Structures are given as structure tokens and as C-alpha cells.
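Source file: upload.pdb (PDB, C-alpha atoms, pLDDT in the B column)
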```pdb
ATOM      1  CA  MET Q   1       0.000   0.000   0.000  1.00 41.00           C
ATOM      2  CA  SER Q   2       1.333   3.402  -0.854  1.00 40.00           C
ATOM      3  CA  GLY Q   3       1.580   6.281   1.569  1.00 43.00           C
ATOM      4  CA  GLN Q   4      -0.952   8.096  -0.469  1.00 48.00           C
ATOM      5  CA  GLY Q   5      -3.418   5.263  -0.030  1.00 51.00           C
ATOM      6  CA  GLN Q   6      -3.007   5.503   3.699  1.00 52.00           C
ATOM      7  CA  SER Q   7      -3.654   9.177   3.812  1.00 70.00           C
ATOM      8  CA  LYS Q   8      -6.703   8.715   1.652  1.00 74.00           C
ATOM      9  CA  GLN Q   9      -7.945   6.190   4.149  1.00 76.00           C
ATOM     10  CA  GLN Q  10      -7.309   8.539   7.065  1.00 75.00           C
ATOM     11  CA  HIS Q  11      -9.121  11.181   5.159  1.00 77.00           C
ATOM     12  CA  GLY Q  12     -12.104   8.901   4.708  1.00 82.00           C
ATOM     13  CA  VAL Q  13     -12.268   7.963   8.384  1.00 83.00           C
ATOM     14  CA  ILE Q  14     -12.064  11.580   9.462  1.00 88.00           C
ATOM     15  CA  ASP Q  15     -14.651  12.846   7.024  1.00 88.00           C
ATOM     16  CA  GLU Q  16     -17.014  10.030   7.842  1.00 89.00           C
ATOM     17  CA  ASN Q  17     -16.837  10.904  11.532  1.00 90.00           C
ATOM     18  CA  LEU Q  18     -17.149  14.569  10.817  1.00 92.00           C
ATOM     19  CA  ARG Q  19     -20.299  14.058   8.811  1.00 91.00           C
ATOM     20  CA  ARG Q  20     -21.746  11.829  11.507  1.00 90.00           C
ATOM     21  CA  VAL Q  21     -21.104  14.364  14.264  1.00 90.00           C
ATOM     22  CA  TYR Q  22     -22.596  17.087  12.111  1.00 92.00           C
ATOM     23  CA  GLN Q  23     -25.562  15.034  10.989  1.00 92.00           C
ATOM     24  CA  GLU Q  24     -26.361  14.158  14.579  1.00 90.00           C
ATOM     25  CA  ALA Q  25     -26.619  17.854  15.358  1.00 89.00           C
ATOM     26  CA  VAL Q  26     -28.802  18.433  12.300  1.00 91.00           C
ATOM     27  CA  ASP Q  27     -31.051  15.544  13.289  1.00 91.00           C
ATOM     28  CA  GLU Q  28     -31.569  16.979  16.756  1.00 88.00           C
ATOM     29  CA  GLY Q  29     -34.059  19.303  15.154  1.00 87.00           C
ATOM     30  CA  VAL Q  30     -34.641  22.922  15.943  1.00 90.00           C
ATOM     31  CA  PRO Q  31     -35.985  24.082  19.308  1.00 91.00           C
ATOM     32  CA  ASP Q  32     -39.345  25.835  19.158  1.00 93.00           C
ATOM     33  CA  ARG Q  33     -37.832  29.033  20.480  1.00 93.00           C
ATOM     34  CA  PHE Q  34     -36.414  29.795  17.055  1.00 94.00           C
ATOM     35  CA  LYS Q  35     -39.667  29.394  15.255  1.00 91.00           C
ATOM     36  CA  SER Q  36     -41.459  31.558  17.779  1.00 94.00           C
ATOM     37  CA  LEU Q  37     -38.677  34.129  17.493  1.00 95.00           C
ATOM     38  CA  LEU Q  38     -39.213  34.286  13.739  1.00 93.00           C
ATOM     39  CA  GLU Q  39     -42.958  34.670  14.250  1.00 93.00           C
ATOM     40  CA  GLN Q  40     -42.352  37.437  16.755  1.00 93.00           C
ATOM     41  CA  LEU Q  41     -40.042  39.284  14.375  1.00 93.00           C
ATOM     42  CA  LYS Q  42     -42.570  38.954  11.620  1.00 91.00           C
ATOM     43  CA  LYS Q  43     -45.364  40.234  13.829  1.00 91.00           C
ATOM     44  CA  GLN Q  44     -43.255  43.209  14.896  1.00 88.00           C
ATOM     45  CA  ASP Q  45     -42.643  44.116  11.271  1.00 85.00           C
ATOM     46  CA  ASP Q  46     -46.296  43.725  10.372  1.00 85.00           C
ATOM     47  CA  ASP Q  47     -47.306  45.994  13.225  1.00 86.00           C
ATOM     48  CA  GLN Q  48     -44.765  48.595  12.177  1.00 82.00           C
ATOM     49  CA  GLY Q  49     -45.960  48.353   8.612  1.00 77.00           C
ATOM     50  CA  LYS Q  50     -49.494  49.118   9.705  1.00 71.00           C
ATOM     51  CA  ALA Q  51     -48.377  52.055  11.830  1.00 66.00           C
ATOM     52  CA  GLN Q  52     -46.583  53.736   8.944  1.00 59.00           C
TER      53      GLN Q  52
ATOM     54  CA  MET O  53     -47.094  42.622   0.491  1.00 46.00           C
ATOM     55  CA  SER O  54     -44.460  42.037  -2.176  1.00 51.00           C
ATOM     56  CA  GLY O  55     -43.580  38.686  -3.731  1.00 59.00           C
ATOM     57  CA  ALA O  56     -40.990  36.432  -2.154  1.00 80.00           C
ATOM     58  CA  ASP O  57     -39.533  37.705   1.076  1.00 88.00           C
ATOM     59  CA  PRO O  58     -36.049  36.213   1.510  1.00 90.00           C
ATOM     60  CA  ARG O  59     -36.754  36.133   5.231  1.00 92.00           C
ATOM     61  CA  ASP O  60     -39.213  33.326   4.662  1.00 91.00           C
ATOM     62  CA  GLU O  61     -36.201  31.230   3.720  1.00 93.00           C
ATOM     63  CA  LEU O  62     -34.480  31.677   7.087  1.00 94.00           C
ATOM     64  CA  VAL O  63     -36.298  28.817   8.722  1.00 93.00           C
ATOM     65  CA  GLU O  64     -34.931  26.328   6.178  1.00 94.00           C
ATOM     66  CA  HIS O  65     -31.383  27.086   7.234  1.00 95.00           C
ATOM     67  CA  LEU O  66     -31.965  26.703  10.945  1.00 95.00           C
ATOM     68  CA  PRO O  67     -30.920  23.044  11.286  1.00 94.00           C
ATOM     69  CA  ALA O  68     -27.651  23.642   9.410  1.00 95.00           C
ATOM     70  CA  MET O  69     -26.923  26.837  11.342  1.00 96.00           C
ATOM     71  CA  ARG O  70     -27.484  25.055  14.594  1.00 96.00           C
ATOM     72  CA  ALA O  71     -25.374  22.050  13.608  1.00 95.00           C
ATOM     73  CA  PHE O  72     -22.518  24.340  12.637  1.00 96.00           C
ATOM     74  CA  ALA O  73     -22.842  26.339  15.845  1.00 95.00           C
ATOM     75  CA  ILE O  74     -22.916  23.230  18.015  1.00 93.00           C
ATOM     76  CA  SER O  75     -19.965  21.633  16.256  1.00 92.00           C
ATOM     77  CA  LEU O  76     -17.985  24.839  16.462  1.00 93.00           C
ATOM     78  CA  THR O  77     -18.683  25.704  20.093  1.00 91.00           C
ATOM     79  CA  ARG O  78     -19.286  22.188  21.456  1.00 88.00           C
ATOM     80  CA  ASN O  79     -21.801  23.780  23.768  1.00 89.00           C
ATOM     81  CA  GLY O  80     -25.526  23.576  23.082  1.00 90.00           C
ATOM     82  CA  SER O  81     -26.625  26.643  24.992  1.00 91.00           C
ATOM     83  CA  VAL O  82     -23.859  28.855  23.638  1.00 91.00           C
ATOM     84  CA  ALA O  83     -24.712  27.563  20.172  1.00 94.00           C
ATOM     85  CA  ASP O  84     -28.388  28.346  20.574  1.00 94.00           C
ATOM     86  CA  ASP O  85     -27.666  31.869  21.771  1.00 94.00           C
ATOM     87  CA  MET O  86     -25.469  32.372  18.733  1.00 95.00           C
ATOM     88  CA  VAL O  87     -28.159  31.121  16.411  1.00 96.00           C
ATOM     89  CA  GLN O  88     -30.711  33.374  18.065  1.00 96.00           C
ATOM     90  CA  ASP O  89     -28.495  36.460  17.695  1.00 96.00           C
ATOM     91  CA  THR O  90     -27.829  35.518  14.099  1.00 97.00           C
ATOM     92  CA  LEU O  91     -31.520  35.215  13.325  1.00 96.00           C
ATOM     93  CA  VAL O  92     -32.258  38.651  14.723  1.00 96.00           C
ATOM     94  CA  LYS O  93     -29.310  40.175  12.856  1.00 96.00           C
ATOM     95  CA  ALA O  94     -30.307  38.464   9.627  1.00 97.00           C
ATOM     96  CA  TRP O  95     -33.895  39.579  10.008  1.00 95.00           C
ATOM     97  CA  THR O  96     -33.076  43.198  10.638  1.00 94.00           C
ATOM     98  CA  ASN O  97     -30.325  43.348   8.009  1.00 96.00           C
ATOM     99  CA  ILE O  98     -32.092  41.440   5.298  1.00 95.00           C
ATOM    100  CA  ASP O  99     -31.683  44.413   2.949  1.00 94.00           C
ATOM    101  CA  LYS O 100     -27.950  43.613   2.974  1.00 95.00           C
ATOM    102  CA  PHE O 101     -28.595  40.156   1.622  1.00 96.00           C
ATOM    103  CA  GLN O 102     -28.262  39.994  -2.138  1.00 93.00           C
ATOM    104  CA  VAL O 103     -31.165  38.024  -3.468  1.00 90.00           C
ATOM    105  CA  GLY O 104     -29.978  35.217  -5.702  1.00 88.00           C
ATOM    106  CA  THR O 105     -26.769  34.641  -3.733  1.00 91.00           C
ATOM    107  CA  ASN O 106     -26.207  31.840  -1.282  1.00 94.00           C
ATOM    108  CA  MET O 107     -28.271  32.603   1.803  1.00 96.00           C
ATOM    109  CA  ARG O 108     -26.694  29.845   3.831  1.00 96.00           C
ATOM    110  CA  ALA O 109     -23.240  31.311   3.242  1.00 96.00           C
ATOM    111  CA  TRP O 110     -24.532  34.715   4.265  1.00 97.00           C
ATOM    112  CA  LEU O 111     -26.060  33.319   7.457  1.00 97.00           C
ATOM    113  CA  PHE O 112     -22.958  31.331   8.323  1.00 97.00           C
ATOM    114  CA  THR O 113     -20.907  34.501   7.927  1.00 97.00           C
ATOM    115  CA  ILE O 114     -23.095  36.280  10.461  1.00 97.00           C
ATOM    116  CA  LEU O 115     -23.000  33.231  12.681  1.00 96.00           C
ATOM    117  CA  ARG O 116     -19.232  33.004  12.767  1.00 96.00           C
ATOM    118  CA  ASN O 117     -18.868  36.749  13.302  1.00 95.00           C
ATOM    119  CA  THR O 118     -21.258  36.461  16.225  1.00 94.00           C
ATOM    120  CA  TYR O 119     -19.172  33.625  17.587  1.00 94.00           C
ATOM    121  CA  TYR O 120     -15.871  35.442  17.351  1.00 92.00           C
ATOM    122  CA  SER O 121     -17.163  38.616  18.914  1.00 90.00           C
ATOM    123  CA  SER O 122     -18.700  36.733  21.834  1.00 86.00           C
ATOM    124  CA  ARG O 123     -15.461  34.815  22.228  1.00 83.00           C
ATOM    125  CA  ARG O 124     -13.536  38.041  22.474  1.00 83.00           C
ATOM    126  CA  LYS O 125     -15.858  39.125  25.250  1.00 81.00           C
ATOM    127  CA  ALA O 126     -15.666  35.763  27.010  1.00 76.00           C
ATOM    128  CA  LYS O 127     -11.873  35.786  26.946  1.00 73.00           C
ATOM    129  CA  ARG O 128     -11.871  38.487  29.556  1.00 70.00           C
ATOM    130  CA  GLU O 129     -13.396  36.007  31.962  1.00 63.00           C
ATOM    131  CA  VAL O 130     -12.115  32.607  30.924  1.00 55.00           C
ATOM    132  CA  SER O 131      -8.749  31.576  29.596  1.00 50.00           C
ATOM    133  CA  ASP O 132      -8.576  30.493  26.002  1.00 45.00           C
ATOM    134  CA  VAL O 133      -9.116  26.755  26.016  1.00 49.00           C
ATOM    135  CA  ASP O 134      -9.156  26.427  22.266  1.00 48.00           C
ATOM    136  CA  GLY O 135      -5.811  28.070  21.794  1.00 43.00           C
ATOM    137  CA  VAL O 136      -3.785  25.608  23.802  1.00 41.00           C
ATOM    138  CA  PHE O 137      -4.612  22.149  22.499  1.00 39.00           C
ATOM    139  CA  THR O 138      -1.942  19.585  21.437  1.00 37.00           C
ATOM    140  CA  GLU O 139      -1.489  16.910  24.061  1.00 39.00           C
ATOM    141  CA  SER O 140      -2.369  13.595  22.543  1.00 38.00           C
ATOM    142  CA  LEU O 141      -5.812  12.174  22.996  1.00 41.00           C
ATOM    143  CA  ALA O 142      -6.336   9.870  25.983  1.00 40.00           C
ATOM    144  CA  GLU O 143      -3.867   7.101  26.752  1.00 39.00           C
ATOM    145  CA  LYS O 144      -5.625   4.534  24.686  1.00 45.00           C
ATOM    146  CA  PRO O 145      -6.613   5.459  21.159  1.00 46.00           C
ATOM    147  CA  ALA O 146      -9.095   3.260  19.372  1.00 46.00           C
ATOM    148  CA  HIS O 147      -6.702   0.477  18.422  1.00 47.00           C
ATOM    149  CA  ASP O 148      -9.366  -2.172  18.365  1.00 45.00           C
ATOM    150  CA  GLY O 149     -10.536  -1.081  14.976  1.00 40.00           C
ATOM    151  CA  HIS O 150     -13.590   0.516  16.456  1.00 44.00           C
ATOM    152  CA  LEU O 151     -13.770   4.249  16.070  1.00 55.00           C
ATOM    153  CA  GLN O 152     -15.377   5.937  18.980  1.00 71.00           C
ATOM    154  CA  MET O 153     -17.484   8.907  18.048  1.00 79.00           C
ATOM    155  CA  ASN O 154     -16.702  10.363  21.391  1.00 82.00           C
ATOM    156  CA  ASP O 155     -12.976  10.191  20.776  1.00 85.00           C
ATOM    157  CA  PHE O 156     -13.596  11.974  17.548  1.00 90.00           C
ATOM    158  CA  ARG O 157     -15.592  14.689  19.267  1.00 89.00           C
ATOM    159  CA  VAL O 158     -12.873  15.165  21.856  1.00 89.00           C
ATOM    160  CA  ALA O 159     -10.239  15.347  19.138  1.00 92.00           C
ATOM    161  CA  LEU O 160     -12.310  17.826  17.153  1.00 94.00           C
ATOM    162  CA  GLY O 161     -12.608  19.947  20.270  1.00 93.00           C
ATOM    163  CA  LYS O 162      -8.843  20.049  20.606  1.00 94.00           C
ATOM    164  CA  LEU O 163      -8.274  21.660  17.256  1.00 95.00           C
ATOM    165  CA  LYS O 164      -7.600  25.342  17.005  1.00 95.00           C
ATOM    166  CA  VAL O 165     -10.920  26.985  16.425  1.00 95.00           C
ATOM    167  CA  GLU O 166      -9.927  28.328  12.990  1.00 96.00           C
ATOM    168  CA  GLN O 167      -8.985  24.833  11.899  1.00 97.00           C
ATOM    169  CA  ARG O 168     -12.151  23.296  13.274  1.00 96.00           C
ATOM    170  CA  GLU O 169     -14.172  25.976  11.569  1.00 97.00           C
ATOM    171  CA  ALA O 170     -12.506  25.401   8.200  1.00 97.00           C
ATOM    172  CA  LEU O 171     -12.962  21.656   8.438  1.00 96.00           C
ATOM    173  CA  LEU O 172     -16.628  22.033   9.395  1.00 96.00           C
ATOM    174  CA  LEU O 173     -17.326  24.411   6.543  1.00 97.00           C
ATOM    175  CA  ILE O 174     -15.592  22.251   3.959  1.00 95.00           C
ATOM    176  CA  GLY O 175     -15.970  18.711   5.253  1.00 93.00           C
ATOM    177  CA  ALA O 176     -19.393  18.878   6.875  1.00 93.00           C
ATOM    178  CA  SER O 177     -21.387  21.879   5.690  1.00 93.00           C
ATOM    179  CA  GLY O 178     -20.494  21.349   2.063  1.00 92.00           C
ATOM    180  CA  PHE O 179     -19.170  24.792   1.197  1.00 96.00           C
ATOM    181  CA  SER O 180     -16.508  25.233  -1.448  1.00 97.00           C
ATOM    182  CA  TYR O 181     -13.045  26.492  -0.539  1.00 97.00           C
ATOM    183  CA  GLU O 182     -13.919  29.743  -2.267  1.00 97.00           C
ATOM    184  CA  GLU O 183     -17.122  30.200  -0.294  1.00 97.00           C
ATOM    185  CA  ALA O 184     -15.422  29.353   2.986  1.00 97.00           C
ATOM    186  CA  ALA O 185     -12.592  31.774   2.221  1.00 97.00           C
ATOM    187  CA  GLU O 186     -15.043  34.560   1.573  1.00 96.00           C
ATOM    188  CA  MET O 187     -17.000  33.778   4.716  1.00 95.00           C
ATOM    189  CA  CYS O 188     -13.876  33.802   6.855  1.00 96.00           C
ATOM    190  CA  GLY O 189     -12.333  36.781   5.105  1.00 96.00           C
ATOM    191  CA  VAL O 190      -9.119  34.928   4.262  1.00 97.00           C
ATOM    192  CA  ALA O 191      -7.413  33.586   1.144  1.00 98.00           C
ATOM    193  CA  VAL O 192      -8.501  30.303  -0.420  1.00 98.00           C
ATOM    194  CA  GLY O 193      -5.027  28.908   0.304  1.00 98.00           C
ATOM    195  CA  THR O 194      -5.488  29.690   3.986  1.00 98.00           C
ATOM    196  CA  ILE O 195      -8.689  27.688   4.119  1.00 98.00           C
ATOM    197  CA  LYS O 196      -6.982  24.806   2.342  1.00 97.00           C
ATOM    198  CA  SER O 197      -4.059  24.769   4.721  1.00 98.00           C
ATOM    199  CA  ARG O 198      -6.349  25.046   7.742  1.00 97.00           C
ATOM    200  CA  THR O 199      -8.382  22.054   6.575  1.00 96.00           C
ATOM    201  CA  ASN O 200      -5.249  20.064   5.827  1.00 95.00           C
ATOM    202  CA  ARG O 201      -3.786  20.856   9.212  1.00 96.00           C
ATOM    203  CA  ALA O 202      -7.080  20.019  10.876  1.00 96.00           C
ATOM    204  CA  ARG O 203      -7.170  16.612   9.193  1.00 94.00           C
ATOM    205  CA  ALA O 204      -3.551  15.881  10.003  1.00 93.00           C
ATOM    206  CA  GLN O 205      -4.081  16.908  13.604  1.00 94.00           C
ATOM    207  CA  LEU O 206      -7.194  14.765  13.933  1.00 93.00           C
ATOM    208  CA  ALA O 207      -5.392  11.794  12.435  1.00 90.00           C
ATOM    209  CA  GLU O 208      -2.655  12.224  14.985  1.00 91.00           C
ATOM    210  CA  LEU O 209      -4.995  12.714  17.929  1.00 90.00           C
ATOM    211  CA  MET O 210      -6.997   9.665  16.951  1.00 85.00           C
ATOM    212  CA  GLY O 211      -3.968   7.486  16.410  1.00 83.00           C
ATOM    213  CA  LEU O 212      -4.734   7.082  12.741  1.00 76.00           C
ATOM    214  CA  ASN O 213      -1.168   7.508  11.700  1.00 69.00           C
ATOM    215  CA  GLU O 214       0.836   5.335   9.377  1.00 54.00           C
ATOM    216  CA  ASP O 215       0.396   1.610   9.864  1.00 49.00           C
ATOM    217  CA  GLU O 216      -2.348   2.077  12.421  1.00 47.00           C
ATOM    218  CA  ALA O 217      -4.554   3.503   9.736  1.00 45.00           C
ATOM    219  CA  MET O 218      -4.440   0.173   8.002  1.00 48.00           C
ATOM    220  CA  GLU O 219      -6.083  -1.518  10.955  1.00 49.00           C
ATOM    221  CA  MET O 220      -9.106   0.680  10.839  1.00 49.00           C
ATOM    222  CA  THR O 221     -11.547  -1.733   9.386  1.00 51.00           C
ATOM    223  CA  ASP O 222     -14.743  -0.998  11.246  1.00 55.00           C
ATOM    224  CA  ASP O 223     -17.998  -0.687   9.399  1.00 56.00           C
ATOM    225  CA  ALA O 224     -17.749   3.033   8.924  1.00 58.00           C
ATOM    226  CA  THR O 225     -14.327   2.737   7.388  1.00 57.00           C
ATOM    227  CA  MET O 226     -15.383  -0.128   5.181  1.00 56.00           C
ATOM    228  CA  SER O 227     -18.408   1.742   3.964  1.00 59.00           C
ATOM    229  CA  VAL O 228     -16.257   4.712   3.065  1.00 56.00           C
ATOM    230  CA  LEU O 229     -13.766   2.465   1.333  1.00 54.00           C
ATOM    231  CA  SER O 230     -16.333   0.504  -0.553  1.00 54.00           C
ATOM    232  CA  ALA O 231     -18.125   3.652  -1.562  1.00 53.00           C
ATOM    233  CA  SER O 232     -14.986   5.110  -3.067  1.00 51.00           C
ATOM    234  CA  LYS O 233     -13.447   1.923  -4.424  1.00 46.00           C
ATOM    235  CA  VAL O 234     -16.372  -0.188  -5.507  1.00 47.00           C
ATOM    236  CA  ALA O 235     -14.510  -1.395  -8.541  1.00 47.00           C
ATOM    237  CA  SER O 236     -11.763  -3.060  -6.545  1.00 44.00           C
ATOM    238  CA  PHE O 237     -14.060  -5.324  -4.580  1.00 46.00           C
TER     239      PHE O 237
END
```
As C-alpha cells:
Amino acid sequence: MSGQGQSKQQHGVIDENLRRVYQEAVDEGVPDRFKSLLEQLKKQDDDQGKAQ
Amino acid sequence: MSGADPRDELVEHLPAMRAFAISLTRNGSVADDMVQDTLVKAWTNIDKFQVGTNMRAWLFTILRNTYYSSRRKAKREVSDVDGVFTESLAEKPAHDGHLQMNDFRVALGKLKVEQREALLLIGASGFSYEEAAEMCGVAVGTIKSRTNRARAQLAELMGLNEDEAMEMTDDATMSVLSASKVASF
């Protein structure tokens, strides 16, 4: 096996783990607080729009 | 009411923003505060977003700026843990051919934050080197060398060096290998 093959393999192991760690965080889903924050911001803007 | 409001798109990017924030900070509540600040900033500065460009890249830029400015503030209170790293991971790396996710997380946490960030942007979030360079305000070559150093450092911390790498034959490794070298099997 060449040295290059080894580093490719390392690369694969690292990236696989990286994607798994990241995907786990993605899969956790998004807490409701963010959706309600967006709704709040939207409502604020709508109210301002009406006032103007 | 005009047509498409780019702000309606924000919600789609939330899971990726949060995953990036968590992986970068390794702290759920810090990450969530960052994401919250970013959302408010993005909402109120939406006129600065160029419609038709990559919104995720724009959001990640705000996110990382938020992170670095809060880190600067935090440094006054706590010493810089991220800056010191280096000692090798644990006494017993995963020699049994079974990669522990936790070991990986620990190793990732030991990287310099700029290196971790580059690796996350390129290796996990799927940005190009060019996009990552623009987001971080550095040259493309800098992003490349940060990712390379991050990978080399992780390999070292996880005991994946030289001949040891050849023993890594767990399922994850095999699936990566077979995915990239189907023809040889």
C-alpha cells in the first residue's frame, strides 16, 4: 500500500466521523424558540408596517 | 405585500446553522444563543442580503462573526481553552478497529478553532473552498491549509497515523472504502 493510499484512508475515516457528528446535530431538530422568534419578528414588522 | 420575502427562507437554514454552531462551540446553549443572535441580525439586516446569492453562506458569515465577537468578550473572563490544544488524545486510542465517536468529538474539540471551523465548513457543511474563504475573510489557500492541518491533527490525535490507519476496518471505514473503491471489490 502506498503512503498516499493511507492518507486517503485517514481522510475517509475523518470525514465520515465529521459528517456523523454534524448530521447528529442536524437531526436533533430545531428548538421551538427559534420558530417563535421568527414569528415574533414577523409580527413586529407587520405591526410597524401598519403604523406607517 | 411584495412577492418572495427572503426572510421566509431563514427557517430552512436553521438546522444547518445550529449544527454548525454546536460543532464549532461544542456547547448547546452557547450555540443556541449564537443562532438566536444571528436570526435577529439576519432579520433586521435582510436588505444587505443579495437576493440570488447563497443565503446559507450569508447566514454562516453572520454566525461566525457572532461567535468570534462573543469569544472576544468571554476571553476576559475565561482563559482560552481552544488556543492551547496539542497533548495527545487519551492514553488509549481506538486500536481495536472501532472508532469511537466520542474520541472523535474530543479530538475535534482540541483543534484550534480556525482549523475546526474550516474543516466544518468544507468537510461537513459542504461549502466550497472559495465560499469558505469569503466567509472567513481569508485567502482560499489559507482555508486549504487550515483544513489540511485540521485533518492531520485529527489523524494524529486519533492514532490514525501510518500503519495504524491500516487496521481501521470498522464498518464506517469499510463503507467509506467501498463507496470510493467499488470497482476493486
Got a sec: who's within 12 Å of Ala109 of chain O, counting all atoms listed in the file, leaving out chain neighbours fewer than 3 positions off, as a PyMOL selection string?
chain O and resi 62+65+68-69+72+94+101-102+104-106+112-116+173-174+177-188
Once you count only C-alpha atoms, which residues of chain Q turn out to be within 7 Å of chain O? Could you give them as JSON, numbers by chain?
{"Q": [6, 10, 12, 13, 15, 17, 18, 19, 22, 25, 26, 29, 30, 34]}
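Of note, atom CA of Arg198 of chain O and atom CA of Asp155 of chain O are spaced 20.8 Å apart.
Reported to one decimal place, the separation of atom CA of Tyr119 of chain O from atom CA of Leu209 of chain O is 25.3 Å.
Put simply, atom CA of Gln167 of chain O is 8.3 Å away from atom CA of Ile195 of chain O.
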Mind completing segment 30-46 of chain Q with N, CA and C atoms? Output as a PDB file, keeping the file's coordinate frame, please?
```pdb
ATOM      1  N   VAL Q  30     -34.800  21.538  15.534  1.00 90.00           N
ATOM      2  CA  VAL Q  30     -34.641  22.922  15.943  1.00 90.00           C
ATOM      3  C   VAL Q  30     -35.603  23.226  17.083  1.00 90.00           C
ATOM      4  N   PRO Q  31     -35.094  23.756  18.191  1.00 91.00           N
ATOM      5  CA  PRO Q  31     -35.985  24.082  19.308  1.00 91.00           C
ATOM      6  C   PRO Q  31     -37.066  25.084  18.880  1.00 91.00           C
ATOM      7  N   ASP Q  32     -38.213  24.971  19.511  1.00 93.00           N
ATOM      8  CA  ASP Q  32     -39.345  25.835  19.158  1.00 93.00           C
ATOM      9  C   ASP Q  32     -39.029  27.315  19.315  1.00 93.00           C
ATOM     10  N   ARG Q  33     -38.102  27.608  20.221  1.00 93.00           N
ATOM     11  CA  ARG Q  33     -37.832  29.033  20.480  1.00 93.00           C
ATOM     12  C   ARG Q  33     -37.447  29.791  19.206  1.00 93.00           C
ATOM     13  N   PHE Q  34     -36.832  29.096  18.264  1.00 94.00           N
ATOM     14  CA  PHE Q  34     -36.414  29.795  17.055  1.00 94.00           C
ATOM     15  C   PHE Q  34     -37.596  30.098  16.136  1.00 94.00           C
ATOM     16  N   LYS Q  35     -38.501  29.148  16.089  1.00 91.00           N
ATOM     17  CA  LYS Q  35     -39.667  29.394  15.255  1.00 91.00           C
ATOM     18  C   LYS Q  35     -40.530  30.494  15.858  1.00 91.00           C
ATOM     19  N   SER Q  36     -40.649  30.487  17.189  1.00 94.00           N
ATOM     20  CA  SER Q  36     -41.459  31.558  17.779  1.00 94.00           C
ATOM     21  C   SER Q  36     -40.748  32.910  17.669  1.00 94.00           C
ATOM     22  N   LEU Q  37     -39.418  32.882  17.699  1.00 95.00           N
ATOM     23  CA  LEU Q  37     -38.677  34.129  17.493  1.00 95.00           C
ATOM     24  C   LEU Q  37     -38.964  34.705  16.110  1.00 95.00           C
ATOM     25  N   LEU Q  38     -38.933  33.833  15.107  1.00 93.00           N
ATOM     26  CA  LEU Q  38     -39.213  34.286  13.739  1.00 93.00           C
ATOM     27  C   LEU Q  38     -40.630  34.851  13.627  1.00 93.00           C
ATOM     28  N   GLU Q  39     -41.576  34.176  14.278  1.00 93.00           N
ATOM     29  CA  GLU Q  39     -42.958  34.670  14.250  1.00 93.00           C
ATOM     30  C   GLU Q  39     -43.062  36.036  14.912  1.00 93.00           C
ATOM     31  N   GLN Q  40     -42.350  36.167  16.019  1.00 93.00           N
ATOM     32  CA  GLN Q  40     -42.352  37.437  16.755  1.00 93.00           C
ATOM     33  C   GLN Q  40     -41.790  38.568  15.893  1.00 93.00           C
ATOM     34  N   LEU Q  41     -40.670  38.271  15.227  1.00 93.00           N
ATOM     35  CA  LEU Q  41     -40.042  39.284  14.375  1.00 93.00           C
ATOM     36  C   LEU Q  41     -40.988  39.695  13.254  1.00 93.00           C
ATOM     37  N   LYS Q  42     -41.662  38.699  12.722  1.00 91.00           N
ATOM     38  CA  LYS Q  42     -42.570  38.954  11.620  1.00 91.00           C
ATOM     39  C   LYS Q  42     -43.739  39.833  12.104  1.00 91.00           C
ATOM     40  N   LYS Q  43     -44.231  39.507  13.269  1.00 91.00           N
ATOM     41  CA  LYS Q  43     -45.364  40.234  13.829  1.00 91.00           C
ATOM     42  C   LYS Q  43     -44.967  41.688  14.086  1.00 91.00           C
ATOM     43  N   GLN Q  44     -43.775  41.862  14.644  1.00 88.00           N
ATOM     44  CA  GLN Q  44     -43.255  43.209  14.896  1.00 88.00           C
ATOM     45  C   GLN Q  44     -43.239  44.046  13.622  1.00 88.00           C
ATOM     46  N   ASP Q  45     -42.731  43.423  12.560  1.00 85.00           N
ATOM     47  CA  ASP Q  45     -42.643  44.116  11.271  1.00 85.00           C
ATOM     48  C   ASP Q  45     -44.020  44.459  10.737  1.00 85.00           C
ATOM     49  N   ASP Q  46     -44.937  43.499  10.860  1.00 85.00           N
ATOM     50  CA  ASP Q  46     -46.296  43.725  10.372  1.00 85.00           C
ATOM     51  C   ASP Q  46     -46.938  44.904  11.112  1.00 85.00           C
TER      52      ASP Q  46
END
```
